[in-house]
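Colleague: My structure file run.csv, CSV, C-alpha atoms, is below:
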```csv
chain,number,residue,atom,x,y,z
H,1,MET,CA,6.2,-12.9,-12.5
H,2,GLU,CA,4.5,-12.7,-9.1
H,3,MET,CA,6.5,-12.8,-5.9
H,4,LYS,CA,5.0,-12.9,-2.4
H,5,THR,CA,7.4,-11.6,0.2
H,6,TYR,CA,6.8,-12.3,3.9
H,7,CYS,CA,8.1,-9.5,6.1
H,8,THR,CA,9.0,-9.8,9.7
H,9,LEU,CA,7.2,-7.7,12.2
H,10,THR,CA,9.2,-5.3,14.3
H,11,LYS,CA,9.1,-5.6,18.1
H,12,GLU,CA,6.6,-2.7,18.2
H,13,GLN,CA,4.4,-4.3,15.6
H,14,ALA,CA,4.4,-7.7,17.4
H,15,SER,CA,3.5,-6.0,20.6
H,16,LEU,CA,0.6,-4.1,19.0
H,17,TYR,CA,-0.5,-7.2,17.2
H,18,ALA,CA,-0.7,-9.2,20.5
H,19,ALA,CA,-2.6,-6.3,22.1
H,20,VAL,CA,-5.2,-6.4,19.3
H,21,LEU,CA,-5.6,-10.1,19.7
H,22,GLU,CA,-6.2,-9.7,23.4
H,23,ASP,CA,-8.8,-7.1,22.7
H,24,ILE,CA,-10.5,-9.4,20.2
H,25,GLU,CA,-10.6,-12.3,22.8
H,26,GLU,CA,-12.2,-10.0,25.4
H,27,ALA,CA,-14.7,-8.6,22.9
H,28,MET,CA,-15.7,-12.1,21.7
H,29,GLU,CA,-16.3,-13.4,25.2
H,30,GLY,CA,-19.1,-10.8,25.8
H,31,ALA,CA,-20.5,-10.9,22.2
H,32,GLU,CA,-23.7,-12.6,21.2
H,33,GLU,CA,-23.7,-15.1,18.3
H,34,GLY,CA,-24.2,-13.7,14.8
H,35,ILE,CA,-23.7,-10.2,13.4
H,36,GLN,CA,-22.1,-8.8,16.6
H,37,ARG,CA,-19.3,-11.4,16.4
H,38,LYS,CA,-18.9,-10.9,12.7
H,39,GLY,CA,-18.5,-7.2,13.2
H,40,ILE,CA,-15.8,-7.8,15.9
H,41,ILE,CA,-13.9,-10.1,13.5
H,42,LEU,CA,-14.1,-7.7,10.5
H,43,SER,CA,-13.0,-4.8,12.7
H,44,ALA,CA,-10.1,-6.9,14.1
H,45,LEU,CA,-8.9,-7.9,10.6
H,46,SER,CA,-8.7,-4.2,9.6
H,47,ARG,CA,-6.8,-3.3,12.8
H,48,LEU,CA,-4.4,-6.2,12.3
H,49,LYS,CA,-3.7,-5.1,8.7
H,50,GLN,CA,-3.0,-1.6,9.9
H,51,VAL,CA,-0.5,-3.0,12.6
H,52,CYS,CA,1.2,-5.1,9.9
H,53,ASN,CA,1.5,-2.1,7.6
H,54,HIS,CA,2.9,0.4,10.1
H,55,PRO,CA,2.4,1.2,13.8
H,56,ALA,CA,1.8,4.9,13.0
H,57,GLN,CA,-1.2,3.9,10.8
H,58,PHE,CA,-2.7,1.9,13.5
H,59,LEU,CA,-2.0,4.4,16.3
H,60,LYS,CA,-3.1,7.4,14.1
H,61,ASP,CA,-0.5,9.5,15.9
H,62,ASN,CA,1.6,11.0,13.1
H,63,SER,CA,4.7,9.5,14.7
H,64,ALA,CA,8.0,8.8,13.0
H,65,ILE,CA,7.9,6.4,10.0
H,66,PRO,CA,11.4,5.0,9.5
H,67,GLY,CA,12.5,1.8,11.3
H,68,ARG,CA,9.1,0.7,12.7
H,69,SER,CA,7.7,-1.5,10.0
H,70,GLY,CA,9.1,-4.7,8.5
H,71,LYS,CA,6.8,-4.4,5.5
H,72,LEU,CA,7.8,-0.7,4.8
H,73,ALA,CA,11.5,-1.5,5.1
H,74,ARG,CA,11.2,-4.4,2.6
H,75,LEU,CA,9.1,-2.3,0.2
H,76,THR,CA,11.8,0.4,0.3
H,77,GLU,CA,14.6,-2.1,-0.4
H,78,MET,CA,12.6,-3.6,-3.3
H,79,LEU,CA,11.8,-0.1,-4.8
H,80,ASP,CA,15.5,0.8,-4.5
H,81,VAL,CA,16.3,-2.1,-6.9
H,82,VAL,CA,13.4,-1.1,-9.3
H,83,LEU,CA,14.6,2.5,-9.4
H,84,ALA,CA,18.3,1.5,-9.8
H,85,ASN,CA,17.2,-0.4,-13.0
H,86,GLY,CA,15.6,2.8,-14.3
H,87,GLU,CA,12.1,1.4,-14.0
H,88,LYS,CA,8.8,2.7,-12.7
H,89,ALA,CA,6.5,1.2,-10.0
H,90,LEU,CA,3.0,1.3,-8.8
H,91,VAL,CA,2.3,0.8,-5.1
H,92,PHE,CA,-1.2,-0.1,-4.1
H,93,THR,CA,-2.6,0.1,-0.6
H,94,GLN,CA,-6.0,-0.5,0.8
H,95,PHE,CA,-5.8,2.4,3.2
H,96,ALA,CA,-5.7,6.0,2.0
H,97,GLU,CA,-3.9,7.1,5.3
H,98,MET,CA,-1.2,4.5,4.5
H,99,GLY,CA,-0.9,5.9,1.0
H,100,LYS,CA,-0.2,9.4,2.5
H,101,MET,CA,2.5,7.9,4.8
H,102,LEU,CA,4.0,6.0,1.9
H,103,LYS,CA,4.2,9.1,-0.3
H,104,GLU,CA,6.0,11.1,2.4
H,105,HIS,CA,8.4,8.2,3.3
H,106,LEU,CA,9.2,7.3,-0.3
H,107,GLN,CA,9.8,11.0,-1.2
H,108,ALA,CA,12.2,11.3,1.7
H,109,SER,CA,13.9,8.0,0.9
H,110,PHE,CA,14.4,8.5,-2.8
H,111,GLY,CA,14.5,12.3,-3.1
H,112,CYS,CA,11.9,12.5,-5.9
H,113,GLU,CA,8.3,13.4,-6.1
H,114,VAL,CA,5.9,10.5,-5.5
H,115,LEU,CA,2.4,10.8,-6.9
H,116,PHE,CA,-0.5,9.6,-4.7
H,117,LEU,CA,-4.0,8.9,-6.1
H,118,HIS,CA,-6.8,8.3,-3.7
H,119,GLY,CA,-10.6,8.5,-3.8
H,120,GLY,CA,-10.6,12.2,-2.7
H,121,VAL,CA,-8.6,13.4,-5.7
H,122,PRO,CA,-10.8,15.5,-8.1
H,123,LYS,CA,-11.0,14.1,-11.6
H,124,LYS,CA,-9.1,17.0,-13.2
H,125,GLN,CA,-6.2,16.5,-10.8
H,126,ARG,CA,-6.4,12.8,-11.2
H,127,ASP,CA,-6.2,13.0,-15.0
H,128,ARG,CA,-3.1,15.4,-14.7
H,129,MET,CA,-1.4,12.9,-12.4
H,130,LEU,CA,-1.9,10.1,-14.8
H,131,GLU,CA,-0.7,12.2,-17.7
H,132,ARG,CA,2.4,13.2,-15.8
H,133,PHE,CA,3.3,9.7,-14.9
H,134,GLN,CA,2.6,8.4,-18.4
H,135,GLU,CA,4.4,11.0,-20.5
H,136,GLY,CA,7.7,10.5,-18.8
H,137,LYS,CA,8.9,14.1,-19.1
H,138,GLU,CA,9.5,14.3,-15.4
H,139,TYR,CA,11.3,11.9,-13.0
H,140,LEU,CA,8.3,10.3,-11.4
H,141,PRO,CA,9.3,6.7,-10.8
H,142,ILE,CA,6.8,5.8,-8.1
H,143,PHE,CA,3.0,6.1,-8.1
H,144,VAL,CA,1.1,5.2,-5.0
H,145,LEU,CA,-2.6,4.4,-5.4
H,146,SER,CA,-5.3,3.5,-2.9
H,147,LEU,CA,-7.0,0.3,-4.1
H,148,LYS,CA,-10.3,2.2,-4.3
H,149,ALA,CA,-8.9,4.9,-6.6
H,150,GLY,CA,-6.6,2.5,-8.5
H,151,GLY,CA,-9.4,0.0,-9.2
H,152,THR,CA,-11.4,2.4,-11.3
H,153,GLY,CA,-10.1,1.2,-14.7
H,154,LEU,CA,-6.8,2.9,-15.0
H,155,THR,CA,-4.6,1.9,-17.9
H,156,LEU,CA,-1.0,2.7,-17.3
H,157,GLN,CA,1.8,1.6,-19.7
H,158,ARG,CA,4.9,3.0,-18.0
H,159,PRO,CA,5.3,1.0,-14.9
H,160,THR,CA,7.1,-2.4,-15.0
H,161,THR,CA,6.6,-3.4,-11.3
H,162,PHE,CA,3.5,-3.4,-9.1
H,163,PHE,CA,3.4,-3.7,-5.3
H,164,THR,CA,0.4,-4.5,-3.3
H,165,LEU,CA,1.1,-3.5,0.3
H,166,THR,CA,-2.1,-4.4,2.1
H,167,VAL,CA,-2.5,-7.9,0.9
H,168,GLY,CA,-3.1,-9.0,4.5
H,169,GLY,CA,-0.8,-9.9,7.4
H,170,THR,CA,2.9,-9.6,6.7
H,171,ARG,CA,2.8,-10.3,3.0
H,172,LEU,CA,4.0,-7.9,0.3
H,173,LEU,CA,3.1,-8.8,-3.2
H,174,LYS,CA,5.3,-7.8,-6.1
H,175,ILE,CA,4.2,-8.3,-9.7
H,176,SER,CA,6.6,-7.6,-12.5
H,177,HIS,CA,5.5,-7.1,-16.1
H,178,GLY,CA,7.5,-6.5,-19.2
H,179,GLN,CA,8.2,-3.0,-20.4
H,180,GLY,CA,5.1,-1.3,-21.8
H,181,ILE,CA,2.6,-3.9,-20.8
H,182,PRO,CA,-0.6,-2.1,-19.7
H,183,TYR,CA,-1.9,-2.9,-16.2
H,184,ARG,CA,-5.5,-2.6,-15.3
H,185,PRO,CA,-6.2,-3.3,-11.6
H,186,ASP,CA,-9.8,-3.8,-12.4
H,187,LYS,CA,-9.1,-6.7,-14.8
H,188,GLU,CA,-7.8,-10.1,-14.0
H,189,ARG,CA,-4.9,-11.3,-16.1
```
I need this file expressed as structure tokens, please.

Modeller:
Amino acid sequence: MEMKTYCTLTKEQASLYAAVLEDIEEAMEGAEEGIQRKGIILSALSRLKQVCNHPAQFLKDNSAIPGRSGKLARLTEMLDVVLANGEKALVFTQFAEMGKMLKEHLQASFGCEVLFLHGGVPKKQRDRMLERFQEGKEYLPIFVLSLKAGGTGLTLQRPTTFFTLTVGGTRLLKISHGQGIPYRPDKER
């Protein structure tokens, strides 16, 4: 089952979003047709995704995490239900810096270790993380993965729920699978 959840921006997020749009308008006025305009638009899309994820990701200021992102608040609520049911979850994000923030926030929120796999994790450490998550000997209910690292052909049979945080805008995508169904982010279902 796939569920798209639309999350409300906080006042801070809405203010930053409006500021980015103003910056885009100004940049587009002085831009020449073609590649320069395309570059402005691609950069703007990335910045808008960051604002929608969390202001601290956009601002890159290591500021407080709780209470500032509608998407993060909703993800935390949904994960609370998943964990209350004794299930495991994967959380995918496009941005490694957001993954680091998620790991810290979710560990603080749920009082358990949260694994985080990103492109900079050495193969030996990556393999150990996957093994720990799969074997189930430890309480490791949440695994955060950057899309780049998670899209390398992982086969994980323990998680039952998958969240994609950086779908775009204010959407949060939740995909639930039956117990023990392998999930391969590099393969379409």

Colleague: Rounded to one decimal, what separation in Å do you get between atom CA of H:Glu113 and atom CA of H:Thr8?

Modeller: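 Result for atom CA of H:Glu113 versus atom CA of H:Thr8: 28.1 Å, one decimal.
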
Colleague: If I take atom CA of H:Cys52 and atom CA of H:Met129, how far is one from the other in Å, to one decimal?

Modeller: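 Atom-to-atom, atom CA of H:Cys52 to atom CA of H:Met129, that is 28.8 Å.
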
Colleague: Hey, which of H:Gln50, H:Phe116, H:Ala44, H:Leu21 ends up closest to H:Leu165? Count only C-alpha atoms.

Modeller: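 When distances to H:Leu165 are compared using only C-alpha atoms, the smallest one comes from H:Gln50.
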
Colleague: Taking into account only C-alpha atoms, which residue in the set H:Ile41, H:Leu59, H:Ala84, H:Ala27 is nearest to H:Phe110?

Modeller: H:Ala84

Colleague: Would you list the contacts of stretch 64-67 of chain H as a list in words, taking every protein, DNA or RNA residue within 8 Å and counting only C-alpha atoms, but skipping same-chain residues closer than 4 positions in sequence?

Modeller: His54, Ala56, Ala73, Met101 and His105 of chain H

Colleague: Suppose you want the space between atom CA of H:Leu9 and atom CA of H:Asp23; what is it in Å?

Modeller: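 Taking atom CA of H:Leu9 and atom CA of H:Asp23, their separation equals 19.1 Å.
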
Colleague: Closest to H:Thr5 among H:Arg132, H:Lys100, H:Lys88, H:Arg74, using all atoms listed in the file?

Modeller: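 Looking only at the distances to H:Thr5, the closest residue turns out to be H:Arg74.
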
Colleague: Residues near H:Gln57, anyone? I mean within 12 Å using only C-alpha atoms, not counting same-chain ones fewer than 2 positions away, as number ranges by chain.

Modeller: H: 13, 16, 46-55, 59-65, 68-69, 72, 94-102

Colleague: Write out as a VMD selection string the residues lying within 12 Å of H:Val121, counting all atoms listed in the file and excluding same-chain residues fewer than 4 positions away.

Modeller: chain H and resid 96 115 to 117 125 to 130 145 to 146 148 to 150

Colleague: Just checking: using only C-alpha atoms, which residue out of H:Glu29, H:Lys38, H:Val20, H:Leu75 ends up closest to H:Ala89?

Modeller: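 Ranking H:Glu29, H:Lys38, H:Val20, H:Leu75 by distance to H:Ala89, first place goes to H:Leu75.
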
Colleague: Could you check the closest approach to H:Asp80 for each of H:Leu147, H:Ile142, H:Met3, H:Ile35 and tell me which residue wins, using all atoms listed in the file?

Modeller: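 Smallest distance to H:Asp80 is found for H:Ile142.
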
Colleague: Using all atoms of stretch 90-94 of chain H listed in the file and a margin of 6 Å per side, can you give the axis-aligned box centre and edge lengths in Å to one decimal, as AutoDock Vina command-line options?

Modeller:
```
--center_x -1.5 --center_y 0.4 --center_z -4.0 --size_x 21.0 --size_y 13.8 --size_z 21.6
```

Colleague: Write out as a Markdown table a residue-level contact list of stretch 117-148 of chain H versus stretch 76-79 of chain H with cut-off 12 Å: for each qualifying residue the closest pair of atoms and the distance in Å to one decimal, counting all atoms listed in the file, rows sorted by chain and residue number upward.

Modeller:
```
| residue | atom | partner | partner_atom | distance |
| --- | --- | --- | --- | --- |
| H:Pro141 | CA | H:Leu79 | CA | 9.4 |
| H:Ile142 | CA | H:Leu79 | CA | 8.4 |
| H:Phe143 | CA | H:Leu79 | CA | 11.3 |
| H:Val144 | CA | H:Leu79 | CA | 11.9 |
```

Colleague: Store the residues of this selection in a file with C-alpha atoms, as an mmCIF file, in the coordinates of the input.

Modeller:
```cif
data_model
loop_
_atom_site.group_PDB
_atom_site.id
_atom_site.type_symbol
_atom_site.label_atom_id
_atom_site.label_comp_id
_atom_site.auth_asym_id
_atom_site.auth_seq_id
_atom_site.Cartn_x
_atom_site.Cartn_y
_atom_site.Cartn_z
ATOM 1 C CA PRO H 141 9.300 6.700 -10.800
ATOM 2 C CA ILE H 142 6.800 5.800 -8.100
ATOM 3 C CA PHE H 143 3.000 6.100 -8.100
ATOM 4 C CA VAL H 144 1.100 5.200 -5.000
#
```

Colleague: Calculated over only C-alpha atoms, which of the candidates H:Ile40, H:Lys4, H:Gly70, H:Gly120 has the smallest distance to H:Glu25?

Modeller: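 Nearest candidate to H:Glu25 out of H:Ile40, H:Lys4, H:Gly70, H:Gly120: H:Ile40.
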